[in-house]
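What follows is a short report on a single structure.
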Amino acid sequence: MNHARHSEGAFETVIEAHLLSNGYVGELDARFDRERAIFPETVLEFIRETQPKEWKALEALHGPKTGAQIITDLTKWMDANGSLATLRHGFKCYGKTLRVAFFKAAHALNPELEARYAANRVGITRQLHYSKGSEKSLDVVLSINGIPVASLELKNPMTRQTVEAALRQYRNDRDPREPIFEFKRRMLVHFAVDTESVFMTTRLAGSATHFLPFNRGCDGGAGNPPDAKGRSYRTAYLWEEVLQRDSLLDLLARFIHMQIDEKRDDQGRKVKKETLIFPRFHQLEAVRVLVDQARRDGVGNNYLIEHSAGSGKSNTIGWLTHRLASLHDANNERVFDSVIVITDRVVLDKQLQDTIYQFEHKHGVVQKIDEDSRQLAEALQSAVPIIITTLQKFPFVSRQLAKMAEERNDAESATLKSRRCAVIIDEAHSSQGGETATDLKEVLGGQGLREEAAKYMAENDETDMEELYRSMAKRGRQANLSFFAFTATPKHKTLKVFGGQDGKPAHRYTMRQAIEEGFILDVLKHYTTYATYFRLLKASEDDPNVQRKKAARALARFLKLHPHNIAQKTEVMVEHFHAATQHKIGGRAKAMVITGSRLEAVRYKQSFDRYIQEKGYAIKSLVAFSGVVTDDKLEDVTYTEEGMNLGVREKELPEIFATQEYQVLLVAEKYQTGFDQPLLHTMYVDRRLAGIQAVQTLSRLNRIHPLKEDTFVLDFVNDRDEIREAFKTYFEGAEIGDEVDPARMYQIKSELDADGVYEAVDVEKFCSVYFKPKQRQSSADHQLMNAALDPAVARFKDLQSSAPDEAELWRGKMLAFGSLYGFLSQIIPYQDSDLERLYVFLRHLASKLPRRDSGPSYQFDDEVRLEYYRLQKISEGSISLSDGQANRLDGPSEVGSGVLHEEAVPLSRLIDVVNDRFGTDFNQADQLFFDQIVEAAISDNALRQAAAVNPGDKFELVFKNLLEALFVERMDQNEEIFARFMNDKSFQKVVTGWLSSEAYRKLRLPAGAKSTADEGIE
């Protein structure tokens, strides 16, 4: 075997040859100044060639010493300001600004800028001897016009040297005090490379140096795929794509930046931490893919970016925003007039402004909308390049534009000019739906919407309904708007609205890859579940009749709030924290308790503080809930978050929790999304979680910390299999499932029309006022619209009093129609004005309809007592996600609200049912939900006939057809079961079989007979 063919030298030669044949030049090691850590002759040659005027002026002052003075001033400037800022913005030498690099302009309209860019000398040096006191060398160094910017240490596994050896070399043999390695002053990035993988760092710190993977990803996980043609290394993308001449210059101009974080240290003092950010591979790829598509496709398209938590989404959004704001197409014309970032995160606001200022070095490019909708309206009218705002401000912008137009006596300015906008949405699934999102489209649609409406009117031969047709047009895609939607957990709707034609994202970085690359932790690796076993006894002499479902909920609440239940779980949690969690992350670990309600959070806070004080533990807790909570038992006593936290204000809580003073945060519906705290190690869950909510809540634990090795979940409520199913959906990327049938919407509309709650004249009257031209609108319109809705409200009340179940079924159909139209109108260009009219009418009618009489509410404090209670650990260990198929996200069929009348049952019998079912596969509320499904099924005449003439297996085939409709009608009663029934085929099969046999058994009973199940336990 020829050893030379397999050495590191051969690896170096391949890289060098490729770069030299693609725009690089060779820089000789002998020309390197080890003390100043630059190639001085190359720097001077570049300045002399590209800036002759400035050189001549300095030469008149310094004569033959001009070059020496320039090098002295340059190195001092880089030592003070860093090499990145110097490369971007130049340095001062005796009043003259000299540039050491020129970057590509956003367009090609200026030949002088093009020539200066072409003059950049991008160099490669092999075996660079960098140290003044020794002959140590670096395998490969890349430089820009004589300034070193990147180093590569290469290893070849064929010589039994892998990338791990390169990492050790950087950590142990490269002194960070050497001029060339000093943080930010010279080299900006260091790559450890072998033929299989790449790692990267921007700061050498001896043995504490932290490297990040810089790999493409392989089959949804970490690593790199083999070369498609079988001719090159797995890591060839590094020098063929990332370090290619134009790419390296682009990285320096538009990606690498200094991030400054202001945090509190252990003593509570504010300290600034500087981090030089070099994009991870998936970030770089995502931005470039999206920018290339936007340049090629132009405006009017949607893009979905599915990036896992921990993917560095804030920086990706920052880079994309900056690139889109200056993007030009092949004809050198700007693609977007403004880029609008929709976010609720204060961190992103500041980070975006700071980052873009580093690129642009000028203020005014970015405007944060932190006042009111008028400020947003003015920014939109002025076409500020980058606008950061919240979605909630858009519903009021139209009103502000009208006011501003009135003040200026300029009717035209009441509508925005048709500007081309890129809209970047942070967390797409929470921002895409409802009327607020269509308000955004309406505002930004501007004059283009009027033109679209005019076209619709002409096609439908209507002359006075511009507002109606604008309302229709705003729902679909608009020619002047492109949406870039980011999310880690897309819903079916997100994939459909923002994904490509196949429902797939434009770019994906999976949870699996993020875990395998070490950017986030696997929160399911240490997962312990407990079961609660108990028995409730009737304590009163009376045995009142109660409604099953409401009483079941009241009993469940009775148990959840029972002092013994809370005390037992408090003991388990506090003792676990004291024995295990408290010692993690260098003794700084924190925990979060997820409670089921605000009152539970209050009771747990009291219980925690009481138990901790009794034990004398050095643990302090904070609680988080919104509003004011009144305790059932003490009606005069109220609780607020600030009061229970002894004056810690809501906005201060995350920062205060980050200090060493506090260790446990108890939450009710807060801090379960968007809360990043790397010291959070343990989560105690006493609340039902399912689907996206389970993933988002548990993912609060996944942030990495240098001392954080693992996480821990202790769950009192949820089933391990359900948690596994929720995470599997997003582990390797969400897949779109069954589509929505548009015909179903028309079917529901026909049923609604036929039921007679509203008449065509009601809809017409309402819409004639609602869609009146703006100039003809008046204060009396509100009265007229209410009058148009009143007849339908009256008919619904009549139906509710005579047939309450039918009334609730009708309400469910109404909600189903609104849900389907709101979704489908975003992806299908409907031109049916009747649908829009009915949608608007029903949306306003829904808010006026009386609520269903929910019957009596129950408090069982006196009637029921807790006889027996036991907490038992039932499982622990990892929940694996690597086996089996990924779950698919099916589209919404419809959203219904069918409710059956509940028979009153004796309280004692209900308690038996609850005790039998709690802690098994289904809790009491779940079982009651299934019971209702069976009762609804056996009232169906067709099913009765099928049971009479068919054996059980044939009956199940008929039953299956009805069952899905019954689930859809009751979706809002138990969304968790509905979602699992629709998405999990094995679950669906088990449930269908069980319910079918139960319905068949009941339908085959002799007339008048009762089963033992109907009579209760004897």
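Residue numbers start at 1 in each chain; chains themselves are named A, B, ... in the order of the structure tokens; ligands are numbered from 1 in the order shown.
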Using only C-alpha atoms, which protein or nucleic acid residues come within 6 Å of range 220-232 of chain A? Drop anything in the same chain fewer than 2 positions from it, and give the result as a PDB file with C-alpha atoms, in the first residue's frame.
ATOM      1  CA  ASN A 215     -22.426  18.444   9.418  1.00  0.00           C
ATOM      2  CA  ARG A 216     -25.176  18.265   6.806  1.00  0.00           C
ATOM      3  CA  GLY A 217     -27.258  15.601   8.500  1.00  0.00           C
ATOM      4  CA  CYS A 218     -27.900  12.096   7.230  1.00  0.00           C
ATOM      5  CA  ARG A 234     -18.432  12.870   2.817  1.00  0.00           C
ATOM      6  CA  ARG A 512     -33.603  13.811  16.031  1.00  0.00           C
ATOM      7  CA  GLN A 513     -30.699  15.607  14.344  1.00  0.00           C
ATOM      8  CA  GLU A 516     -27.828  13.596  18.001  1.00  0.00           C
ATOM      9  CA  GLU A 517     -25.709  16.675  17.304  1.00  0.00           C
ATOM     10  CA  GLU A 732     -37.916  13.050  12.248  1.00  0.00           C
TER      11      GLU A 732
END
Q: Name the residues of range 183-339 of chain A that fall into alpha helix (DSSP H) according to DSSP on the backbone, using the chain letters and numbers of this document, as a VMD selection string.
A: chain A and resid 237 245 to 254 281 to 297 313 to 325
I need the chosen residues saved as a compact mmCIF listing (two decimals), in the first residue's frame, with N, CA and C atoms.
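Result written to part.txt:
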# COMPACT_ATOMS: atom_id res chain seq x y z
N TYR A 237 -18.34 18.94 1.01
CA TYR A 237 -19.18 20.14 0.98
C TYR A 237 -18.49 21.32 1.67
N ARG A 245 -14.93 30.45 -2.71
CA ARG A 245 -14.52 31.86 -2.63
C ARG A 245 -15.69 32.81 -2.33
N ASP A 246 -16.72 32.78 -3.17
CA ASP A 246 -17.85 33.70 -2.98
C ASP A 246 -18.58 33.41 -1.67
N SER A 247 -18.67 32.12 -1.30
CA SER A 247 -19.36 31.75 -0.07
C SER A 247 -18.63 32.27 1.15
N LEU A 248 -17.29 32.14 1.19
CA LEU A 248 -16.52 32.62 2.33
C LEU A 248 -16.67 34.14 2.49
N LEU A 249 -16.59 34.87 1.38
CA LEU A 249 -16.76 36.32 1.43
C LEU A 249 -18.18 36.68 1.90
N ASP A 250 -19.16 35.91 1.46
CA ASP A 250 -20.55 36.14 1.88
C ASP A 250 -20.72 35.89 3.38
N LEU A 251 -20.06 34.85 3.89
CA LEU A 251 -20.11 34.56 5.33
C LEU A 251 -19.56 35.73 6.13
N LEU A 252 -18.46 36.30 5.66
CA LEU A 252 -17.86 37.43 6.37
C LEU A 252 -18.73 38.68 6.28
N ALA A 253 -19.39 38.85 5.15
CA ALA A 253 -20.19 40.07 4.94
C ALA A 253 -21.54 40.01 5.62
N ARG A 254 -22.18 38.82 5.64
CA ARG A 254 -23.60 38.79 6.01
C ARG A 254 -24.00 37.76 7.06
N PHE A 281 -24.44 24.56 10.07
CA PHE A 281 -24.66 24.21 8.65
C PHE A 281 -26.13 24.35 8.26
N HIS A 282 -27.04 23.85 9.12
CA HIS A 282 -28.45 23.89 8.74
C HIS A 282 -28.97 25.32 8.67
N GLN A 283 -28.41 26.23 9.48
CA GLN A 283 -28.82 27.64 9.43
C GLN A 283 -28.37 28.27 8.11
N LEU A 284 -27.12 28.04 7.78
CA LEU A 284 -26.56 28.58 6.53
C LEU A 284 -27.32 28.06 5.32
N GLU A 285 -27.57 26.75 5.32
CA GLU A 285 -28.28 26.13 4.20
C GLU A 285 -29.70 26.66 4.09
N ALA A 286 -30.39 26.77 5.23
CA ALA A 286 -31.79 27.24 5.21
C ALA A 286 -31.87 28.65 4.62
N VAL A 287 -31.04 29.56 5.11
CA VAL A 287 -31.09 30.95 4.63
C VAL A 287 -30.80 31.01 3.13
N ARG A 288 -29.79 30.28 2.70
CA ARG A 288 -29.42 30.34 1.27
C ARG A 288 -30.48 29.70 0.38
N VAL A 289 -31.07 28.60 0.86
CA VAL A 289 -32.13 27.95 0.08
C VAL A 289 -33.32 28.90 -0.07
N LEU A 290 -33.72 29.53 1.03
CA LEU A 290 -34.88 30.42 1.00
C LEU A 290 -34.62 31.68 0.17
N VAL A 291 -33.42 32.23 0.29
CA VAL A 291 -33.07 33.43 -0.48
C VAL A 291 -33.05 33.10 -1.97
N ASP A 292 -32.46 31.96 -2.32
CA ASP A 292 -32.41 31.57 -3.74
C ASP A 292 -33.82 31.35 -4.30
N GLN A 293 -34.69 30.71 -3.51
CA GLN A 293 -36.06 30.48 -3.98
C GLN A 293 -36.81 31.79 -4.14
N ALA A 294 -36.64 32.70 -3.16
CA ALA A 294 -37.33 33.99 -3.25
C ALA A 294 -36.83 34.81 -4.44
N ARG A 295 -35.54 34.72 -4.71
CA ARG A 295 -34.98 35.45 -5.86
C ARG A 295 -35.54 34.86 -7.17
N ARG A 296 -35.64 33.55 -7.22
CA ARG A 296 -36.11 32.88 -8.42
C ARG A 296 -37.63 32.99 -8.59
N ASP A 297 -38.37 32.80 -7.48
CA ASP A 297 -39.84 32.77 -7.55
C ASP A 297 -40.47 34.15 -7.56
N LYS A 313 -33.02 29.40 16.09
CA LYS A 313 -34.01 30.01 15.19
C LYS A 313 -33.90 31.54 15.15
N SER A 314 -33.58 32.16 16.28
CA SER A 314 -33.49 33.63 16.32
C SER A 314 -32.44 34.14 15.34
N ASN A 315 -31.28 33.48 15.33
CA ASN A 315 -30.23 33.90 14.39
C ASN A 315 -30.62 33.62 12.95
N THR A 316 -31.26 32.48 12.72
CA THR A 316 -31.70 32.15 11.35
C THR A 316 -32.67 33.22 10.85
N ILE A 317 -33.60 33.62 11.70
CA ILE A 317 -34.55 34.67 11.32
C ILE A 317 -33.81 35.98 11.07
N GLY A 318 -32.83 36.29 11.91
CA GLY A 318 -32.06 37.52 11.73
C GLY A 318 -31.33 37.56 10.40
N TRP A 319 -30.64 36.47 10.07
CA TRP A 319 -29.91 36.42 8.79
C TRP A 319 -30.87 36.49 7.60
N LEU A 320 -31.97 35.74 7.69
CA LEU A 320 -32.93 35.74 6.58
C LEU A 320 -33.53 37.13 6.40
N THR A 321 -33.88 37.78 7.50
CA THR A 321 -34.47 39.12 7.43
C THR A 321 -33.54 40.09 6.72
N HIS A 322 -32.28 40.07 7.11
CA HIS A 322 -31.30 40.98 6.52
C HIS A 322 -31.13 40.71 5.03
N ARG A 323 -31.08 39.43 4.67
CA ARG A 323 -30.88 39.08 3.25
C ARG A 323 -32.08 39.48 2.40
N LEU A 324 -33.29 39.22 2.91
CA LEU A 324 -34.49 39.54 2.13
C LEU A 324 -34.66 41.05 1.96
N ALA A 325 -34.22 41.82 2.96
CA ALA A 325 -34.39 43.28 2.91
C ALA A 325 -33.57 43.91 1.78
Q: Tell me, as a PyMOL selection string, which residues lie within 8 Å of Glu661 in chain A, counting only C-alpha atoms; anything in the same chain fewer than 4 positions away does not count.
A: chain A and resi 620+656-657
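In this structure, CA of Lys584 in chain A sits 11.2 Å away from CA of His705 in chain A.
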Q | Spatial neighbours of range 526-530 of chain A, 12 Å, only C-alpha atoms, chain gap at least 2 places, as a VMD selection string | A | chain A and resid 521 to 524 532 to 533 568 to 569 572 to 573 576 681 to 686 698 701 709 to 721 723 to 724 870 to 880 919 to 920
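Between Thr13 in chain A and the candidates A:Glu196, A:Glu164, A:Glu575, A:Asp139, the tightest atom-to-atom separation, counting only C-alpha atoms, involves A:Asp139.
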Which residues of range 631-722 of chain A come within 9 Å of range 598-612 of chain A, and for each one, what is the closest pair of atoms and their distance in Å to one decimal, counting only C-alpha atoms, sorted by chain and residue number, as a tab-separated table?
residue	atom	partner	partner_atom	distance
A:Asp631	CA	A:Leu599	CA	6.9
A:Asp632	CA	A:Leu599	CA	8.8
A:Tyr639	CA	A:Val602	CA	7.5
A:Thr640	CA	A:Val602	CA	8.8
A:Glu641	CA	A:Val602	CA	8.8
A:Met644	CA	A:Lys605	CA	8.1
A:Leu666	CA	A:Ala601	CA	6.3
A:Val667	CA	A:Ala601	CA	6.3
A:Ala668	CA	A:Arg598	CA	5.4
A:Glu669	CA	A:Arg598	CA	8.0
**Q.** Å distance separating CA of Ala694 in chain A from CA of Ala726 in chain A, one decimal place
**A.** 6.7 Å
Q: Determine, counting only C-alpha atoms, which protein, DNA and RNA residues have an atom within 9 Å of an atom of Arg837 in chain A; residues of the same chain fewer than 6 positions away are not included. Present the result as a PyMOL selection string.
A: chain A and resi 468+763-764+766-767
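Residues surrounding Leu679 in chain A within 7 Å are A:Arg588, A:Ala589, A:Lys590, A:His705 [only C-alpha atoms; sequence separation below 6 positions excluded].
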Selection file, C-alpha atoms, as a PDB file, in the first residue's frame:
ATOM      1  CA  ARG A 588     -27.462  25.054  40.100  1.00  0.00           C
ATOM      2  CA  ALA A 589     -30.238  22.879  38.623  1.00  0.00           C
ATOM      3  CA  LYS A 590     -33.843  24.073  38.630  1.00  0.00           C
ATOM      4  CA  HIS A 705     -25.592  24.010  29.426  1.00  0.00           C
TER       5      HIS A 705
END
Q | Interatomic distance (Å, one decimal) between CA of Leu401 in chain A and CA of Asp439 in chain A | A | 13.4 Å
Could you write out, as a PDB file with N, CA and C atoms, in the first residue's frame, all the residues of range 243-300 of chain A that DSSP marks as strand (DSSP E)?
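The new file states_33.pdb reads:
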ATOM      1  N   HIS A 257     -21.296  37.190  13.131  1.00  0.00           N
ATOM      2  CA  HIS A 257     -21.540  38.412  13.895  1.00  0.00           C
ATOM      3  C   HIS A 257     -21.255  38.199  15.380  1.00  0.00           C
ATOM      4  N   MET A 258     -21.058  39.312  16.072  1.00  0.00           N
ATOM      5  CA  MET A 258     -20.786  39.278  17.502  1.00  0.00           C
ATOM      6  C   MET A 258     -22.093  39.429  18.271  1.00  0.00           C
ATOM      7  N   GLN A 259     -22.407  38.417  19.056  1.00  0.00           N
ATOM      8  CA  GLN A 259     -23.620  38.464  19.869  1.00  0.00           C
ATOM      9  C   GLN A 259     -23.232  38.833  21.302  1.00  0.00           C
ATOM     10  N   ILE A 260     -23.863  39.870  21.822  1.00  0.00           N
ATOM     11  CA  ILE A 260     -23.561  40.331  23.182  1.00  0.00           C
ATOM     12  C   ILE A 260     -24.779  40.074  24.063  1.00  0.00           C
ATOM     13  N   ASP A 261     -24.626  39.197  25.030  1.00  0.00           N
ATOM     14  CA  ASP A 261     -25.712  38.869  25.957  1.00  0.00           C
ATOM     15  C   ASP A 261     -25.430  39.509  27.307  1.00  0.00           C
ATOM     16  N   GLU A 262     -26.458  40.139  27.861  1.00  0.00           N
ATOM     17  CA  GLU A 262     -26.341  40.727  29.193  1.00  0.00           C
ATOM     18  C   GLU A 262     -27.082  39.834  30.168  1.00  0.00           C
ATOM     19  N   LYS A 263     -26.340  39.214  31.076  1.00  0.00           N
ATOM     20  CA  LYS A 263     -26.959  38.282  32.019  1.00  0.00           C
ATOM     21  C   LYS A 263     -26.517  38.607  33.436  1.00  0.00           C
ATOM     22  N   ARG A 264     -27.239  38.027  34.392  1.00  0.00           N
ATOM     23  CA  ARG A 264     -26.858  38.185  35.791  1.00  0.00           C
ATOM     24  C   ARG A 264     -25.962  37.024  36.210  1.00  0.00           C
ATOM     25  N   LYS A 270     -25.065  42.287  36.726  1.00  0.00           N
ATOM     26  CA  LYS A 270     -25.203  42.155  35.281  1.00  0.00           C
ATOM     27  C   LYS A 270     -23.825  42.112  34.621  1.00  0.00           C
ATOM     28  N   VAL A 271     -23.610  41.103  33.807  1.00  0.00           N
ATOM     29  CA  VAL A 271     -22.335  40.965  33.100  1.00  0.00           C
ATOM     30  C   VAL A 271     -22.613  40.777  31.615  1.00  0.00           C
ATOM     31  N   LYS A 272     -21.698  41.248  30.785  1.00  0.00           N
ATOM     32  CA  LYS A 272     -21.835  41.090  29.343  1.00  0.00           C
ATOM     33  C   LYS A 272     -20.956  39.946  28.856  1.00  0.00           C
ATOM     34  N   LYS A 273     -21.544  39.137  28.005  1.00  0.00           N
ATOM     35  CA  LYS A 273     -20.801  38.006  27.452  1.00  0.00           C
ATOM     36  C   LYS A 273     -20.796  38.134  25.927  1.00  0.00           C
ATOM     37  N   GLU A 274     -19.600  38.094  25.343  1.00  0.00           N
ATOM     38  CA  GLU A 274     -19.459  38.192  23.886  1.00  0.00           C
ATOM     39  C   GLU A 274     -19.319  36.794  23.286  1.00  0.00           C
ATOM     40  N   THR A 275     -20.095  36.527  22.254  1.00  0.00           N
ATOM     41  CA  THR A 275     -20.001  35.254  21.539  1.00  0.00           C
ATOM     42  C   THR A 275     -19.936  35.553  20.049  1.00  0.00           C
ATOM     43  N   LEU A 276     -18.894  35.062  19.394  1.00  0.00           N
ATOM     44  CA  LEU A 276     -18.793  35.237  17.946  1.00  0.00           C
ATOM     45  C   LEU A 276     -19.609  34.122  17.289  1.00  0.00           C
ATOM     46  N   ILE A 277     -20.642  34.500  16.563  1.00  0.00           N
ATOM     47  CA  ILE A 277     -21.569  33.526  15.981  1.00  0.00           C
ATOM     48  C   ILE A 277     -21.189  33.232  14.540  1.00  0.00           C
TER      49      ILE A 277
END
